[in-house]
>>> print(open('model_3.cif').read())   # mmCIF, C-alpha atoms
data_input
#
loop_
_atom_site.label_atom_id
_atom_site.label_comp_id
_atom_site.auth_asym_id
_atom_site.auth_seq_id
_atom_site.Cartn_x
_atom_site.Cartn_y
_atom_site.Cartn_z
CA ARG P 1 104.00 13.53 154.30
CA LEU P 2 106.40 13.28 151.41
CA VAL P 3 107.60 9.76 150.76
CA GLY P 4 110.93 8.75 149.27
CA SER P 5 109.70 8.40 145.69
CA GLU P 6 108.28 11.92 145.82
CA MET P 7 111.52 13.62 146.80
CA CYS P 8 113.59 15.45 144.20
CA ILE P 9 117.31 14.67 144.42
CA ARG P 10 118.85 17.65 142.68
CA ASP P 11 121.31 17.29 139.84
CA SER P 12 123.72 20.02 138.76
CA SER P 13 120.95 21.90 136.94
CA CYS P 14 118.97 22.19 140.19
CA GLY P 15 121.73 23.97 142.10
CA LEU P 16 122.76 21.59 144.89
CA SER P 17 124.40 18.26 144.26
CA ARG P 18 122.51 15.43 145.97
CA GLY P 19 120.50 17.93 148.03
CA LEU P 20 116.92 17.75 149.16
CA CYS P 21 114.37 19.65 147.09
CA PHE P 22 111.06 20.84 148.50
CA HIS P 23 109.36 21.99 145.31
CA HIS P 24 107.00 19.00 145.42
CA LEU P 25 105.81 19.94 148.90
CA HIS P 26 102.24 20.71 147.87
CA GLN P 27 101.75 17.95 145.31
CA THR P 28 101.28 14.54 146.94
CA ARG P 29 100.84 14.14 150.68
CA SER P 30 100.26 10.58 151.89
CA THR P 31 99.62 11.66 155.50
CA PHE P 32 99.34 14.82 157.53
CA MET P 33 102.51 16.05 159.21
CA PRO P 34 102.55 17.30 162.81
CA ASN P 35 102.14 20.90 163.86
CA LEU P 36 105.01 22.73 165.48
CA TYR P 37 104.17 23.60 169.08
CA GLN P 38 105.52 26.86 170.51
CA LEU P 39 105.24 28.25 174.02
CA SER P 40 105.23 32.08 174.13
CA THR P 41 106.88 34.27 171.48
CA LEU P 42 110.44 35.25 170.77
CA SER P 43 109.42 38.90 171.16
CA ALA P 44 108.36 38.27 174.77
CA LEU P 45 111.59 36.42 175.52
CA LEU P 46 113.71 39.20 174.02
CA LEU P 47 111.91 41.74 176.21
CA GLY P 48 112.61 39.79 179.38
CA ASP P 49 109.70 37.42 180.04
CA PHE P 50 111.83 34.62 181.51
CA GLU P 51 109.07 33.48 183.87
CA PRO P 52 108.26 29.81 183.14
CA SER P 53 104.75 28.56 182.55
CA LEU P 54 105.24 24.96 181.37
CA SER P 55 107.10 22.02 182.89
CA ILE P 56 109.55 19.95 180.88
CA GLY P 57 107.33 16.92 181.47
CA GLU P 58 104.40 18.77 179.89
CA LEU P 59 106.57 20.02 177.04
CA LYS P 60 107.49 16.44 176.12
CA ARG P 61 103.84 15.74 175.34
CA HIS P 62 104.07 18.10 172.38
CA GLY P 63 107.03 16.65 170.51
CA THR P 64 110.32 14.78 170.39
CA LEU P 65 112.66 17.40 168.88
CA GLY P 66 112.99 21.03 169.83
CA ILE P 67 114.83 24.01 171.26
CA GLY P 68 114.16 26.70 173.85
CA THR P 69 115.41 27.91 177.22
CA PHE P 70 114.82 27.42 180.95
CA GLU P 71 113.51 29.49 183.83
CA GLY P 72 115.35 32.78 184.16
CA LEU P 73 117.20 32.14 180.88
CA GLY P 74 119.21 29.51 182.76
CA GLY P 75 120.57 27.39 179.94
CA GLU P 76 119.75 26.37 176.37
CA LEU P 77 117.05 23.74 175.90
CA ILE P 78 117.79 20.92 173.47
CA MET P 79 115.21 18.16 172.91
CA LEU P 80 116.45 15.17 170.96
CA ASP P 81 114.55 11.88 170.59
CA GLY P 82 112.21 12.99 173.37
CA VAL P 83 115.02 13.60 175.87
CA VAL P 84 115.51 17.18 177.07
CA TRP P 85 119.01 18.49 177.76
CA ASN P 86 120.10 21.74 179.39
CA GLY P 87 123.12 23.36 177.77
CA THR P 88 124.27 25.00 180.98
CA HIS P 89 126.37 28.13 181.51
CA SER P 90 129.47 25.94 181.94
CA GLY P 91 128.98 24.57 178.42
CA GLU P 92 128.17 21.08 179.70
CA ALA P 93 124.81 19.61 178.70
CA VAL P 94 122.94 17.74 181.41
CA PRO P 95 119.57 15.95 181.33
CA ALA P 96 116.68 18.17 182.43
CA ALA P 97 114.24 16.89 185.03
CA ASP P 98 110.55 16.80 184.19
CA ILE P 99 109.81 19.20 187.05
CA GLU P 100 112.04 21.92 185.59
CA LYS P 101 110.21 24.62 183.68
CA THR P 102 110.53 26.67 180.51
CA PRO P 103 109.34 30.17 179.53
CA PHE P 104 109.89 29.60 175.80
CA ALA P 105 110.28 26.55 173.60
CA CYS P 106 109.33 25.18 170.19
CA VAL P 107 109.04 21.44 169.60
CA ILE P 108 107.70 19.03 167.01
CA ASP P 109 107.05 15.31 166.70
CA TRP P 110 110.06 14.52 164.53
CA GLN P 111 109.02 12.72 161.32
CA PRO P 112 111.67 13.35 158.64
CA THR P 113 110.38 13.43 155.10
CA ALA P 114 113.23 11.46 153.48
CA SER P 115 116.46 9.62 154.19
CA ALA P 116 119.48 11.64 155.28
CA VAL P 117 121.44 13.45 152.58
CA LYS P 118 125.05 14.55 152.73
CA LEU P 119 125.81 18.28 152.77
CA PRO P 120 128.91 19.93 151.31
CA ALA P 121 131.68 21.23 153.54
CA VAL P 122 130.83 24.35 155.54
CA GLY P 123 133.21 27.05 156.75
CA SER P 124 130.92 29.05 159.01
CA LEU P 125 127.44 29.22 160.45
CA ASP P 126 126.40 31.67 157.73
CA ASN P 127 127.69 29.18 155.17
CA LEU P 128 125.67 26.38 156.78
CA ARG P 129 122.52 28.53 156.73
CA THR P 130 123.07 29.27 153.04
CA VAL P 131 123.49 25.55 152.28
CA LEU P 132 120.30 24.74 154.20
CA ASP P 133 118.39 27.53 152.44
CA GLU P 134 119.52 26.24 149.05
CA ALA P 135 118.47 22.72 149.98
CA ALA P 136 115.05 23.92 151.16
CA LYS P 137 114.11 25.99 148.12
CA GLY P 138 110.41 25.72 147.46
CA ALA P 139 109.48 25.86 151.14
CA GLU P 140 110.31 29.48 151.93
CA ASN P 141 106.83 30.09 153.37
CA ARG P 142 106.89 27.00 155.58
CA VAL P 143 108.13 26.36 159.10
CA LEU P 144 110.90 23.75 158.73
CA ALA P 145 112.62 21.51 161.24
CA VAL P 146 116.12 20.17 160.61
CA ARG P 147 118.37 17.58 162.23
CA LEU P 148 122.05 17.41 161.31
CA GLN P 149 124.40 14.56 162.15
CA VAL P 150 127.92 16.01 162.31
CA PHE P 151 130.79 13.51 162.22
CA GLN P 152 133.77 15.84 162.66
CA ALA P 153 133.60 19.59 163.20
CA ASP P 154 134.68 22.56 165.27
CA VAL P 155 131.71 24.26 166.91
CA THR P 156 131.22 27.39 169.00
CA PHE P 157 128.10 27.85 171.09
CA ARG P 158 126.75 29.92 173.95
CA SER P 159 124.57 29.60 177.01
CA PHE P 160 123.32 32.01 179.68
CA ALA P 161 123.66 31.88 183.42
CA PRO P 162 120.31 32.06 185.27
CA ALA P 163 119.27 35.69 185.44
CA PRO P 164 118.40 37.31 188.80
CA LYS P 165 115.11 39.13 189.22
CA PRO P 166 113.98 41.68 188.25
CA TRP P 167 114.53 40.38 184.73
CA LYS P 168 115.76 42.70 182.01
CA PRO P 169 115.57 42.47 178.20
CA MET P 170 117.86 39.82 176.77
CA LYS P 171 120.14 42.39 175.12
CA ASP P 172 121.01 43.61 178.63
CA MET P 173 121.85 40.05 179.71
CA LEU P 174 124.53 39.36 177.10
CA PHE P 175 127.24 39.97 179.72
CA SER P 176 126.14 36.73 181.43
CA GLN P 177 126.50 34.48 178.40
CA LYS P 178 129.44 32.12 178.18
CA ILE P 179 130.89 31.08 174.83
CA THR P 180 132.29 27.55 174.55
CA ALA P 181 134.36 26.05 171.72
CA GLU P 182 134.70 22.32 171.07
CA ARG P 183 137.12 20.96 168.48
CA ASN P 184 137.04 17.82 166.34
CA ILE P 185 133.78 16.63 167.82
CA GLN P 186 130.82 14.58 166.74
CA ALA P 187 127.50 16.25 167.40
CA GLU P 188 123.89 16.68 166.46
CA ILE P 189 122.52 20.06 165.45
CA ILE P 190 118.78 20.65 165.56
CA GLY P 191 116.56 23.62 164.98
CA PHE P 192 113.95 25.40 162.94
CA ARG P 193 113.56 27.89 160.13
CA PHE P 194 110.71 30.39 160.35
CA PRO P 195 109.60 32.54 157.40
CA GLY P 196 109.90 36.31 157.64
CA TYR P 197 106.18 36.93 157.97
CA LEU P 198 106.28 35.25 161.42
CA GLU P 199 109.09 37.45 162.77
CA SER P 200 107.15 38.60 165.84
CA ILE P 201 106.51 34.96 166.78
CA ASN P 202 109.98 33.54 166.14
CA MET P 203 113.25 34.56 164.54
CA PRO P 204 113.23 34.45 160.72
CA GLY P 205 115.79 32.07 159.30
CA TRP P 206 117.57 29.17 160.96
CA HIS P 207 117.78 28.99 164.77
CA LEU P 208 120.06 26.08 165.70
CA HIS P 209 121.22 24.37 168.90
CA VAL P 210 124.03 21.82 169.15
CA LEU P 211 124.54 18.76 171.38
CA THR P 212 127.89 16.97 171.25
CA ALA P 213 128.40 13.22 171.50
CA PRO P 214 129.75 11.99 174.86
CA ASN P 215 133.50 12.52 175.31
CA ASP P 216 135.88 10.02 176.92
CA SER P 217 134.54 11.05 180.33
CA GLY P 218 130.95 10.58 179.23
CA LYS P 219 130.23 14.32 179.29
CA ARG P 220 128.22 16.11 176.62
CA PHE P 221 128.26 19.80 175.75
CA GLY P 222 125.82 22.03 173.99
CA GLY P 223 124.04 25.32 173.54
CA HIS P 224 122.95 27.92 171.00
CA LEU P 225 125.11 27.43 167.90
CA LEU P 226 127.26 30.46 167.01
CA ASN P 227 129.70 28.98 164.50
CA ILE P 228 130.76 25.74 162.83
CA THR P 229 133.44 24.54 160.45
CA ALA P 230 133.25 21.05 158.95
CA ASP P 231 135.20 19.85 155.94
CA ALA P 232 132.77 17.00 155.30
CA GLY P 233 130.59 14.50 157.05
CA ILE P 234 127.33 16.34 157.73
CA GLU P 235 124.11 14.44 157.07
CA ALA P 236 120.82 16.30 157.10
CA GLN P 237 117.14 15.47 157.40
CA TRP P 238 114.21 17.90 157.18
CA MET P 239 110.52 18.10 157.75
CA ALA P 240 107.90 20.78 157.18
CA ALA P 241 105.30 21.41 159.86
CA ASP P 242 101.66 21.28 158.78
CA GLY P 243 100.84 24.19 161.07
CA LEU P 244 101.82 26.23 164.09
CA GLU P 245 100.25 25.79 167.54
CA LEU P 246 101.06 28.82 169.70
CA THR P 247 100.37 28.84 173.44
CA PHE P 248 100.48 32.11 175.38
CA PRO P 249 102.10 32.16 178.84
CA THR P 250 99.84 31.71 181.86
CA GLY P 251 100.01 32.72 185.52
CA GLU P 252 102.77 35.16 186.48
CA ALA P 253 104.42 34.65 183.07
CA GLY P 254 101.12 35.64 181.46
CA ARG P 255 100.88 38.82 183.53
CA ILE P 256 104.40 39.80 182.47
CA TYR P 257 103.54 38.96 178.86
CA ASP P 258 100.40 41.09 178.87
CA ALA P 259 102.38 44.16 180.06
CA LEU P 260 105.09 43.98 177.38
CA PRO P 261 105.20 46.40 174.39
CA LEU P 262 105.19 43.57 171.84
CA ASP P 263 104.19 45.77 168.88
CA GLN P 264 107.57 47.47 168.63
CA ASP P 265 110.14 46.67 165.93
CA LEU P 266 112.51 44.16 167.53
CA ARG P 267 114.75 43.34 164.58
CA GLU P 268 117.84 45.07 165.95
CA ILE P 269 117.27 43.56 169.41
CA THR P 270 116.87 40.13 167.81
CA LYS P 271 120.11 40.52 165.88
CA ALA P 272 122.01 41.53 169.01
CA ALA P 273 120.58 38.75 171.17
CA GLU P 274 120.70 35.85 168.73
CA GLY P 275 124.30 36.29 167.64
#
>>> encode(input="model_3.cif", output="C-alpha cells")
Amino acid sequence: RLVGSEMCIRDSSCGLSRGLCFHHLHQTRSTFMPNLYQLSTLSALLLGDFEPSLSIGELKRHGTLGIGTFEGLGGELIMLDGVVWNGTHSGEAVPAADIEKTPFACVIDWQPTASAVKLPAVGSLDNLRTVLDEAAKGAENRVLAVRLQVFQADVTFRSFAPAPKPWKPMKDMLFSQKITAERNIQAEIIGFRFPGYLESINMPGWHLHVLTAPNDSGKRFGGHLLNITADAGIEAQWMAADGLELTFPTGEAGRIYDALPLDQDLREITKAAEG
C-alpha cells in the first residue's frame, strides 16, 4: 500500500494541479492491497447471461465497494461502505436484501491509498474520465478503484427494468432502460478502470455508478452514470488492486455461460450497451 509520504502531489510541471500521481506505484509498498473480486465477465453479461449465481450476502464477503447488476438485469448494483443498493428502473435506489442475487459484479475491500484530493470542474462524463486518467498516469496497466464525493452537480444515469425470459443480448434490451436526471445534488460516484488488455473480462476505461445523498423525503437515487456536470467540489480517492480474482458462473448461469460465443469481438456491442 502507498502511504501518504509516498504519494506525489503534482505541480504544474506534472500536468494536474494538486492531483494524485501513481508513478511511485511499484517503488515502496508497506502492505499488500486487496484483490478485486469479479463474478462472471462483461462479455457474458453483454450476450445475455442475466442468470444469477451469487447472493448479495455472499457478495459482501468479497468487498465493501463495488458495482454490478441484479437478476435479469433488474437494476444497477452499487456497493458503498459494505451496503448494497439497487438503482431501480424508477431511478430510486433502495437497499438490496442479502437473499437477492447477482449475475455480474465486481467489488473490492476499499482501502484508499491517500487522502482525498480535489478535482477540477468537469463539464461531461468524458471530461471526468479524462481528468481521472490524467490523475492516474503511471497505473495504466493496473485495475483501479475510485470513489468520488460530489458536493453539487447535475447527473444523468440509467437503470434497466427486469428482463423477461428468454433473455436476449443487452443491446436488444436498451428499450427497457430508463434515464433519470437529478439536478444540484450531492452524491457519491464509485467504479473501476480496467486496462485494455482485459477487455473480454471487463470494459476498458472507467465504469462508474452514482448514488445520491438522501433528499428531503429521505429518498436516494442512483444507477449507471451517463453524464455529469460539476463546477467544483469533487473530491477523489483511488486505490490499485493487487490482483484480479475471477469467478465463473455456476448452476444454470454456468450452463448459459458455457454455451455463449465469448471469443467474438464485442467492442461495438460494449459501446452500444455501456452508453
>>> residues_around(input="model_3.cif", residues="P:Asp126", least_positions_apart="3", cutoff="12 Å", atoms="all atoms listed in the file", output="list in words")
Val122, Gly123, Arg129, Thr130, Val131, Leu132, Asp133, Gly205, Trp206, His207, Leu208, Leu225, Leu226, Asn227, Ile228, Thr229 and Gly275 of chain P
>>> resolve_selection(input="model_3.cif", expression="the PyMOL selection byres ((chain P and resi 120) around 8)", output="NGL selection string")
:P and (118-119 or 121-122 or 131 or 231-232 or 234)
>>> write_last_selection(input="model_3.cif", atoms="C-alpha atoms", output="compact mmCIF listing (two decimals), keeping the file's coordinate frame")
# COMPACT_ATOMS: atom_id res chain seq x y z
CA LYS P 118 125.05 14.55 152.73
CA LEU P 119 125.81 18.28 152.77
CA ALA P 121 131.68 21.23 153.54
CA VAL P 122 130.83 24.35 155.54
CA VAL P 131 123.49 25.55 152.28
CA ASP P 231 135.20 19.85 155.94
CA ALA P 232 132.77 17.00 155.30
CA ILE P 234 127.33 16.34 157.73
>>> atom_distance(input="model_3.cif", atom1="atom CA of P:Ser90", atom2="atom CA of P:His224")
12.9 Å
>>> closest_residue(input="model_3.cif", among="P:Gly87, P:Pro112, P:Pro95, P:Pro103", to="P:Arg147", atoms="all atoms listed in the file")
P:Pro112
>>> closest_residue(input="model_3.cif", among="P:His89, P:His209, P:Arg142, P:Arg193", to="P:Ala240", atoms="all atoms listed in the file")
P:Arg142
>>> closest_residue(input="model_3.cif", among="P:Gly57, P:Pro214, P:Pro34, P:Gly191", to="P:Leu244", atoms="only C-alpha atoms")
P:Pro34
>>> resolve_selection(input="model_3.cif", expression="the PyMOL selection byres ((chain P and resi 168) around 10)", output="list in words")
Leu45, Leu46, Leu47, Gly48, Asp49, Phe50, Ala163, Pro164, Lys165, Pro166, Trp167, Pro169, Met170, Lys171, Asp172 and Met173 of chain P
>>> resolve_selection(input="model_3.cif", expression="the PyMOL selection byres ((chain P and resi 258) around 12)", output="PDB file with C-alpha atoms, in the frame of the given file")
ATOM      1  CA  SER P  40     105.230  32.080 174.130  1.00  0.00           C
ATOM      2  CA  THR P  41     106.880  34.270 171.480  1.00  0.00           C
ATOM      3  CA  ALA P  44     108.360  38.270 174.770  1.00  0.00           C
ATOM      4  CA  LEU P  47     111.910  41.740 176.210  1.00  0.00           C
ATOM      5  CA  ASP P  49     109.700  37.420 180.040  1.00  0.00           C
ATOM      6  CA  PHE P 248     100.480  32.110 175.380  1.00  0.00           C
ATOM      7  CA  PRO P 249     102.100  32.160 178.840  1.00  0.00           C
ATOM      8  CA  THR P 250      99.840  31.710 181.860  1.00  0.00           C
ATOM      9  CA  GLY P 251     100.010  32.720 185.520  1.00  0.00           C
ATOM     10  CA  GLU P 252     102.770  35.160 186.480  1.00  0.00           C
ATOM     11  CA  ALA P 253     104.420  34.650 183.070  1.00  0.00           C
ATOM     12  CA  GLY P 254     101.120  35.640 181.460  1.00  0.00           C
ATOM     13  CA  ARG P 255     100.880  38.820 183.530  1.00  0.00           C
ATOM     14  CA  ILE P 256     104.400  39.800 182.470  1.00  0.00           C
ATOM     15  CA  TYR P 257     103.540  38.960 178.860  1.00  0.00           C
ATOM     16  CA  ALA P 259     102.380  44.160 180.060  1.00  0.00           C
ATOM     17  CA  LEU P 260     105.090  43.980 177.380  1.00  0.00           C
ATOM     18  CA  PRO P 261     105.200  46.400 174.390  1.00  0.00           C
ATOM     19  CA  LEU P 262     105.190  43.570 171.840  1.00  0.00           C
ATOM     20  CA  ASP P 263     104.190  45.770 168.880  1.00  0.00           C
TER      21      ASP P 263
END
>>> atom_distance(input="model_3.cif", atom1="atom CA of P:Leu42", atom2="atom CA of P:Leu266")
9.7 Å
>>> atom_distance(input="model_3.cif", atom1="atom CA of P:Thr113", atom2="atom CA of P:Gly222")
25.9 Å
>>> residues_near_point(input="model_3.cif", point="(104.0, 31.0, 166.7)", cutoff="7 Å", atoms="all atoms listed in the file", output="count of residues only")
7
>>> closest_residue(input="model_3.cif", among="P:Ala213, P:Ala114, P:Ala139, P:Ile56", to="P:Asn86", atoms="all atoms listed in the file")
P:Ile56
>>> closest_residue(input="model_3.cif", among="P:Ser124, P:Gln186, P:Ser43, P:Ser200", to="P:Asn215", atoms="all atoms listed in the file")
P:Gln186
>>> closest_residue(input="model_3.cif", among="P:Lys271, P:Pro195, P:Gly66, P:Thr156", to="P:Val143", atoms="only C-alpha atoms")
P:Pro195
>>> residues_around(input="model_3.cif", residues="P:Lys178", least_positions_apart="4", cutoff="9 Å", atoms="all atoms listed in the file", output="number ranges by chain")
P: 89-91, 157-161, 174
